[in-house]
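Participant: Please find final02.pdb (PDB, C-alpha atoms) on the next line:
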```
ATOM      1  CA  MET A 156       0.000   0.000   0.000  1.00  0.00           C
ATOM      2  CA  ARG A 157       2.822   2.366   0.893  1.00  0.00           C
ATOM      3  CA  ASN A 158       4.529   1.719  -2.472  1.00  0.00           C
ATOM      4  CA  LEU A 159       1.265   2.441  -4.292  1.00  0.00           C
ATOM      5  CA  PHE A 160       0.972   5.751  -2.442  1.00  0.00           C
ATOM      6  CA  ILE A 161       4.560   6.706  -3.309  1.00  0.00           C
ATOM      7  CA  LEU A 162       4.067   5.749  -6.958  1.00  0.00           C
ATOM      8  CA  SER A 163       0.817   7.747  -7.108  1.00  0.00           C
ATOM      9  CA  PHE A 164       2.522  10.760  -5.530  1.00  0.00           C
ATOM     10  CA  LEU A 165       5.410  10.617  -8.003  1.00  0.00           C
ATOM     11  CA  LEU A 166       3.090  10.326 -11.001  1.00  0.00           C
ATOM     12  CA  PHE A 167       0.928  13.187  -9.736  1.00  0.00           C
ATOM     13  CA  SER A 168       4.030  15.329  -9.154  1.00  0.00           C
ATOM     14  CA  CYS A 169       5.276  14.728 -12.696  1.00  0.00           C
ATOM     15  CA  PHE A 170       1.929  15.597 -14.251  1.00  0.00           C
ATOM     16  CA  GLY A 171       1.480  18.526 -11.890  1.00  0.00           C
ATOM     17  CA  ASN A 172       4.790  20.071 -12.999  1.00  0.00           C
ATOM     18  CA  SER A 173       3.659  20.104 -16.617  1.00  0.00           C
ATOM     19  CA  GLN A 174       1.010  22.640 -15.602  1.00  0.00           C
ATOM     20  CA  GLU A 175       3.448  25.077 -14.000  1.00  0.00           C
ATOM     21  CA  THR A 176       3.128  28.798 -14.545  1.00  0.00           C
ATOM     22  CA  LEU A 177       5.732  30.926 -16.269  1.00  0.00           C
ATOM     23  CA  GLN A 178       6.685  32.370 -12.894  1.00  0.00           C
ATOM     24  CA  GLU A 179       7.267  28.875 -11.498  1.00  0.00           C
ATOM     25  CA  LEU A 180       9.288  27.923 -14.575  1.00  0.00           C
ATOM     26  CA  LEU A 181      11.585  30.932 -14.160  1.00  0.00           C
ATOM     27  CA  LYS A 182      11.916  30.338 -10.438  1.00  0.00           C
ATOM     28  CA  THR A 183      13.020  26.767 -11.204  1.00  0.00           C
ATOM     29  CA  HIS A 184      15.637  27.724 -13.820  1.00  0.00           C
ATOM     30  CA  ASN A 185      16.844  31.161 -12.708  1.00  0.00           C
ATOM     31  CA  LYS A 186      18.822  32.296  -9.687  1.00  0.00           C
ATOM     32  CA  GLU A 187      16.952  35.637  -9.718  1.00  0.00           C
ATOM     33  CA  ARG A 188      20.093  37.691  -9.115  1.00  0.00           C
ATOM     34  CA  ILE A 189      19.028  39.943 -11.975  1.00  0.00           C
ATOM     35  CA  PRO A 190      15.863  41.993 -11.479  1.00  0.00           C
ATOM     36  CA  TYR A 191      13.007  41.474 -13.897  1.00  0.00           C
ATOM     37  CA  ILE A 192      11.265  44.150 -15.896  1.00  0.00           C
ATOM     38  CA  SER A 193       7.761  43.394 -17.124  1.00  0.00           C
ATOM     39  CA  VAL A 194       6.732  43.721 -20.754  1.00  0.00           C
ATOM     40  CA  GLN A 195       4.270  46.420 -19.677  1.00  0.00           C
ATOM     41  CA  GLU A 196       7.032  48.468 -18.028  1.00  0.00           C
ATOM     42  CA  LEU A 197       9.301  48.066 -21.049  1.00  0.00           C
ATOM     43  CA  ALA A 198       6.521  49.129 -23.419  1.00  0.00           C
ATOM     44  CA  MET A 199       5.946  52.427 -21.624  1.00  0.00           C
ATOM     45  CA  PRO A 200       6.818  55.345 -23.939  1.00  0.00           C
ATOM     46  CA  LYS A 201       9.365  56.940 -21.607  1.00  0.00           C
ATOM     47  CA  THR A 202      11.316  53.752 -20.943  1.00  0.00           C
ATOM     48  CA  ASP A 203      14.761  54.498 -22.358  1.00  0.00           C
ATOM     49  CA  VAL A 204      16.804  51.308 -22.526  1.00  0.00           C
ATOM     50  CA  ILE A 205      19.267  49.428 -24.658  1.00  0.00           C
ATOM     51  CA  LEU A 206      17.739  46.112 -25.700  1.00  0.00           C
ATOM     52  CA  LEU A 207      19.915  43.025 -26.088  1.00  0.00           C
ATOM     53  CA  ASP A 208      18.611  39.847 -27.708  1.00  0.00           C
ATOM     54  CA  ALA A 209      20.253  36.787 -26.130  1.00  0.00           C
ATOM     55  CA  ARG A 210      18.784  34.306 -28.593  1.00  0.00           C
ATOM     56  CA  GLU A 211      20.590  32.716 -31.505  1.00  0.00           C
ATOM     57  CA  ALA A 212      20.771  34.474 -34.892  1.00  0.00           C
ATOM     58  CA  LYS A 213      18.126  32.252 -36.522  1.00  0.00           C
ATOM     59  CA  GLU A 214      15.689  33.194 -33.739  1.00  0.00           C
ATOM     60  CA  HIS A 215      16.513  36.904 -33.974  1.00  0.00           C
ATOM     61  CA  ASP A 216      16.099  36.880 -37.758  1.00  0.00           C
ATOM     62  CA  VAL A 217      12.538  35.517 -37.496  1.00  0.00           C
ATOM     63  CA  SER A 218      11.525  38.258 -35.077  1.00  0.00           C
ATOM     64  CA  HIS A 219      12.892  40.532 -32.403  1.00  0.00           C
ATOM     65  CA  LEU A 220      11.940  43.585 -30.406  1.00  0.00           C
ATOM     66  CA  GLU A 221      12.406  46.859 -32.249  1.00  0.00           C
ATOM     67  CA  ASN A 222      15.980  48.207 -32.106  1.00  0.00           C
ATOM     68  CA  ALA A 223      17.256  45.132 -30.240  1.00  0.00           C
ATOM     69  CA  ILE A 224      20.954  44.381 -30.596  1.00  0.00           C
ATOM     70  CA  HIS A 225      21.616  40.712 -31.244  1.00  0.00           C
ATOM     71  CA  VAL A 226      24.278  39.368 -28.845  1.00  0.00           C
ATOM     72  CA  GLY A 227      23.439  35.666 -28.969  1.00  0.00           C
ATOM     73  CA  TYR A 228      23.911  33.085 -26.294  1.00  0.00           C
ATOM     74  CA  ASN A 229      26.190  30.232 -27.388  1.00  0.00           C
ATOM     75  CA  ASN A 230      28.811  32.607 -28.784  1.00  0.00           C
ATOM     76  CA  PHE A 231      28.156  35.590 -26.514  1.00  0.00           C
ATOM     77  CA  ASP A 232      31.153  37.941 -26.423  1.00  0.00           C
ATOM     78  CA  ILE A 233      31.187  40.227 -23.377  1.00  0.00           C
ATOM     79  CA  ASP A 234      34.105  42.234 -24.787  1.00  0.00           C
ATOM     80  CA  ALA A 235      32.177  43.000 -27.983  1.00  0.00           C
ATOM     81  CA  VAL A 236      29.257  44.258 -25.886  1.00  0.00           C
ATOM     82  CA  ALA A 237      31.626  46.373 -23.793  1.00  0.00           C
ATOM     83  CA  GLN A 238      32.920  48.009 -26.980  1.00  0.00           C
ATOM     84  CA  THR A 239      29.389  48.649 -28.237  1.00  0.00           C
ATOM     85  CA  ILE A 240      28.129  49.891 -24.852  1.00  0.00           C
ATOM     86  CA  PRO A 241      31.096  51.432 -23.014  1.00  0.00           C
ATOM     87  CA  ASP A 242      28.895  53.286 -20.486  1.00  0.00           C
ATOM     88  CA  THR A 243      28.300  50.726 -17.722  1.00  0.00           C
ATOM     89  CA  SER A 244      25.571  52.896 -16.170  1.00  0.00           C
ATOM     90  CA  LYS A 245      23.234  52.629 -19.185  1.00  0.00           C
ATOM     91  CA  THR A 246      19.966  50.807 -18.573  1.00  0.00           C
ATOM     92  CA  ILE A 247      20.082  47.487 -20.397  1.00  0.00           C
ATOM     93  CA  VAL A 248      17.229  45.018 -20.829  1.00  0.00           C
ATOM     94  CA  ILE A 249      18.121  41.536 -22.023  1.00  0.00           C
ATOM     95  CA  TYR A 250      15.608  39.081 -23.383  1.00  0.00           C
ATOM     96  CA  CYS A 251      15.431  35.618 -24.886  1.00  0.00           C
ATOM     97  CA  SER A 252      12.435  33.350 -25.488  1.00  0.00           C
ATOM     98  CA  VAL A 253      11.142  33.235 -21.896  1.00  0.00           C
ATOM     99  CA  GLY A 254      13.902  34.703 -19.708  1.00  0.00           C
ATOM    100  CA  ILE A 255      16.313  31.880 -18.872  1.00  0.00           C
ATOM    101  CA  ARG A 256      19.194  32.401 -21.308  1.00  0.00           C
ATOM    102  CA  SER A 257      18.890  36.156 -20.841  1.00  0.00           C
ATOM    103  CA  GLU A 258      19.545  35.818 -17.116  1.00  0.00           C
ATOM    104  CA  ASP A 259      22.873  34.101 -17.849  1.00  0.00           C
ATOM    105  CA  ILE A 260      23.914  36.912 -20.192  1.00  0.00           C
ATOM    106  CA  ALA A 261      22.699  39.558 -17.728  1.00  0.00           C
ATOM    107  CA  GLU A 262      24.860  38.018 -14.992  1.00  0.00           C
ATOM    108  CA  GLN A 263      27.913  38.272 -17.241  1.00  0.00           C
ATOM    109  CA  LEU A 264      27.173  41.951 -17.834  1.00  0.00           C
ATOM    110  CA  LYS A 265      26.704  42.540 -14.119  1.00  0.00           C
ATOM    111  CA  ASN A 266      30.038  40.824 -13.418  1.00  0.00           C
ATOM    112  CA  LYS A 267      31.654  43.099 -16.030  1.00  0.00           C
ATOM    113  CA  GLY A 268      30.473  46.152 -14.048  1.00  0.00           C
ATOM    114  CA  TYR A 269      27.173  47.077 -15.687  1.00  0.00           C
ATOM    115  CA  THR A 270      24.929  48.452 -12.967  1.00  0.00           C
ATOM    116  CA  ASN A 271      21.456  48.795 -14.530  1.00  0.00           C
ATOM    117  CA  VAL A 272      20.765  45.403 -16.078  1.00  0.00           C
ATOM    118  CA  TYR A 273      17.299  43.862 -16.245  1.00  0.00           C
ATOM    119  CA  ASN A 274      15.889  40.569 -17.503  1.00  0.00           C
ATOM    120  CA  LEU A 275      12.639  40.801 -19.504  1.00  0.00           C
ATOM    121  CA  PHE A 276      10.153  38.627 -17.624  1.00  0.00           C
ATOM    122  CA  GLY A 277       8.771  36.045 -20.044  1.00  0.00           C
ATOM    123  CA  GLY A 278      11.007  37.239 -22.875  1.00  0.00           C
ATOM    124  CA  ILE A 279       9.797  37.723 -26.415  1.00  0.00           C
ATOM    125  CA  PHE A 280       7.050  35.131 -25.843  1.00  0.00           C
ATOM    126  CA  GLU A 281       5.447  37.268 -23.114  1.00  0.00           C
ATOM    127  CA  TRP A 282       5.996  40.391 -25.255  1.00  0.00           C
ATOM    128  CA  LYS A 283       4.059  38.825 -28.144  1.00  0.00           C
ATOM    129  CA  ASN A 284       1.459  37.299 -25.795  1.00  0.00           C
ATOM    130  CA  ASN A 285       0.656  40.875 -24.726  1.00  0.00           C
ATOM    131  CA  ASN A 286       0.173  41.968 -28.341  1.00  0.00           C
ATOM    132  CA  PHE A 287       3.314  44.098 -28.561  1.00  0.00           C
ATOM    133  CA  PRO A 288       4.955  44.212 -32.004  1.00  0.00           C
ATOM    134  CA  VAL A 289       7.940  42.199 -33.151  1.00  0.00           C
ATOM    135  CA  TYR A 290      10.004  42.771 -36.284  1.00  0.00           C
ATOM    136  CA  ASN A 291      11.708  40.498 -38.796  1.00  0.00           C
ATOM    137  CA  SER A 292      15.228  40.831 -40.205  1.00  0.00           C
ATOM    138  CA  GLU A 293      13.990  43.304 -42.845  1.00  0.00           C
ATOM    139  CA  GLY A 294      12.564  45.572 -40.121  1.00  0.00           C
ATOM    140  CA  ASN A 295       8.930  44.786 -40.935  1.00  0.00           C
ATOM    141  CA  GLU A 296       6.376  43.966 -38.276  1.00  0.00           C
ATOM    142  CA  THR A 297       5.595  40.248 -38.228  1.00  0.00           C
ATOM    143  CA  ASP A 298       3.427  37.741 -36.400  1.00  0.00           C
ATOM    144  CA  HIS A 299       6.096  35.040 -36.658  1.00  0.00           C
ATOM    145  CA  VAL A 300       8.069  34.205 -33.534  1.00  0.00           C
ATOM    146  CA  HIS A 301      10.787  31.582 -33.335  1.00  0.00           C
ATOM    147  CA  ALA A 302       9.396  29.163 -30.752  1.00  0.00           C
ATOM    148  CA  TYR A 303      12.822  27.690 -29.842  1.00  0.00           C
ATOM    149  CA  SER A 304      11.458  24.124 -29.584  1.00  0.00           C
ATOM    150  CA  LYS A 305       8.173  22.233 -29.482  1.00  0.00           C
ATOM    151  CA  ASP A 306       8.518  21.870 -25.692  1.00  0.00           C
ATOM    152  CA  TRP A 307       9.118  25.577 -25.057  1.00  0.00           C
ATOM    153  CA  SER A 308       6.511  26.682 -27.599  1.00  0.00           C
ATOM    154  CA  LYS A 309       3.725  26.096 -25.072  1.00  0.00           C
ATOM    155  CA  TRP A 310       4.642  29.455 -23.523  1.00  0.00           C
ATOM    156  CA  LEU A 311       3.994  31.320 -26.799  1.00  0.00           C
ATOM    157  CA  LEU A 312       0.237  31.839 -26.861  1.00  0.00           C
ATOM    158  CA  LYS A 313      -0.042  34.376 -29.686  1.00  0.00           C
ATOM    159  CA  GLY A 314       1.622  34.759 -33.051  1.00  0.00           C
ATOM    160  CA  ILE A 315       2.780  32.184 -35.569  1.00  0.00           C
ATOM    161  CA  LYS A 316       5.217  29.663 -34.148  1.00  0.00           C
ATOM    162  CA  THR A 317       8.303  29.151 -36.321  1.00  0.00           C
ATOM    163  CA  TYR A 318      11.018  26.591 -35.669  1.00  0.00           C
ATOM    164  CA  GLU A 319      13.634  27.224 -38.394  1.00  0.00           C
TER
END
```
Write the structure described by the file as structure tokens, please.
Facilitator:
Amino acid sequence: MRNLFILSFLLFSCFGNSQETLQELLKTHNKERIPYISVQELAMPKTDVILLDAREAKEHDVSHLENAIHVGYNNFDIDAVAQTIPDTSKTIVIYCSVGIRSEDIAEQLKNKGYTNVYNLFGGIFEWKNNNFPVYNSEGNETDHVHAYSKDWSKWLLKGIKTYE
């Protein structure tokens, strides 16, 4: 009987985790040493920030936030960013698909001496889910968003999911 209870608990736990919220997902994967900024705060007209896209080039080419600078993740070069943004007091917002890769990049910037670094809560998925515009590599507004993978695509609720 005890084994049946343990097995039932484990199965329920596994299925229960598949229903986690975005906040729970980020809490699981992030250390939360970088403060979040919400998509609503970022979208405010007077929000003056430098946007960095911590996704791979193929993701950025499908769509990105307007005026975002692509810095990537796998081949991120902190020295290249330091040359592009020499003022370490500038406000920088980093995003990726949901906010996990961007936290890693934000921590590197913080360690390099940048003092006003924020992670976009929910990333480009949350941005699009709130009906804010994204742009393709030609600079045109698009509904396509690179969904990273089939597993992660469940967090993208609006727009056209693209995988390549």
Participant: Could you list, as a CSV table (one decimal) with C-alpha atoms, in the coordinates of the input, every residue within 12 Å of Thr183 in chain A, counting only C-alpha atoms and ignoring same-chain residues fewer than 4 positions away?
Facilitator:
```
chain,number,residue,atom,x,y,z
A,172,ASN,CA,4.8,20.1,-13.0
A,175,GLU,CA,3.4,25.1,-14.0
A,176,THR,CA,3.1,28.8,-14.5
A,177,LEU,CA,5.7,30.9,-16.3
A,178,GLN,CA,6.7,32.4,-12.9
A,179,GLU,CA,7.3,28.9,-11.5
A,187,GLU,CA,17.0,35.6,-9.7
A,254,GLY,CA,13.9,34.7,-19.7
A,255,ILE,CA,16.3,31.9,-18.9
```
Participant: Point out the residue among A:Ile205, A:Leu275, A:Ala223, A:Ala235 with the least atom-to-atom distance to Arg256 in chain A, counting only C-alpha atoms.
Facilitator: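 Nearest to Arg256 in chain A: A:Leu275.
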Participant: One decimal, Å: what's the distance from CA of Val300 in chain A over to CA of Asn286 in chain A, could you say?
Facilitator: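 Straight-line distance from CA of Val300 in chain A to CA of Asn286 in chain A works out to 12.2 Å.
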Participant: Write out as a ChimeraX atom specification the residues lying within 10 Å of Ser304 in chain A, counting all atoms listed in the file and excluding same-chain residues fewer than 3 positions away.
Facilitator: /A:301,307-309,316-319
Participant: Would you mind reading off the distance between CA of Ile233 in chain A and CA of Ile260 in chain A, one decimal, in Å?
Facilitator: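 Computing it gives 8.6 Å between the two atoms.
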Participant: For the file shown, report as a count of residues only the outcome of the PyMOL selection byres ((chain A and resi 193-201) around 12) at residue level.
Facilitator: 34
Participant: Hey, can you check how far CA of His225 in chain A sits from CA of Leu181 in chain A?
Facilitator: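 Atom-to-atom, CA of His225 in chain A to CA of Leu181 in chain A, that is 22.1 Å.
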Participant: Looking at A:Ile315, A:Ser252, A:Ile189, A:Pro241, which one is nearest to Lys265 in chain A, with distances taken over only C-alpha atoms?
Facilitator: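 For Lys265 in chain A, the nearest of the given residues is A:Ile189.
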Participant: Do a neighbour search on Val226 in chain A at 6 Å with only C-alpha atoms, toss out local chain neighbours closer than 3 positions, and write the hits as a list in words.
Facilitator: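 Near neighbours after the sequence-gap exclusion: Asp208, Ala209 and Phe231 of chain A.
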Participant: Written as a ChimeraX atom specification, what is the full residue list that the PyMOL selection byres ((chain A and resi 295) around 12) yields on the file shown?
Facilitator: /A:216-222,288-294,296-299
Participant: From (22.0, 33.9, -30.7), in the file's coordinates, out to 6 Å: which residues are reached, counting all atoms listed in the file? Answer as a PyMOL selection string.
Facilitator: chain A and resi 209-212+227-228
Participant: For the PyMOL selection byres ((chain A and resi 242) around 12), applied here, can you spell out every residue it catches as a list in words?
Facilitator: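 Against this file, the PyMOL selection byres ((chain A and resi 242) around 12) returns the residues Ile205, Val236, Ala237, Gln238, Thr239, Ile240, Pro241, Thr243, Ser244, Lys245, Thr246, Ile247, Leu264, Lys267, Gly268, Tyr269, Thr270 and Asn271 of chain A.
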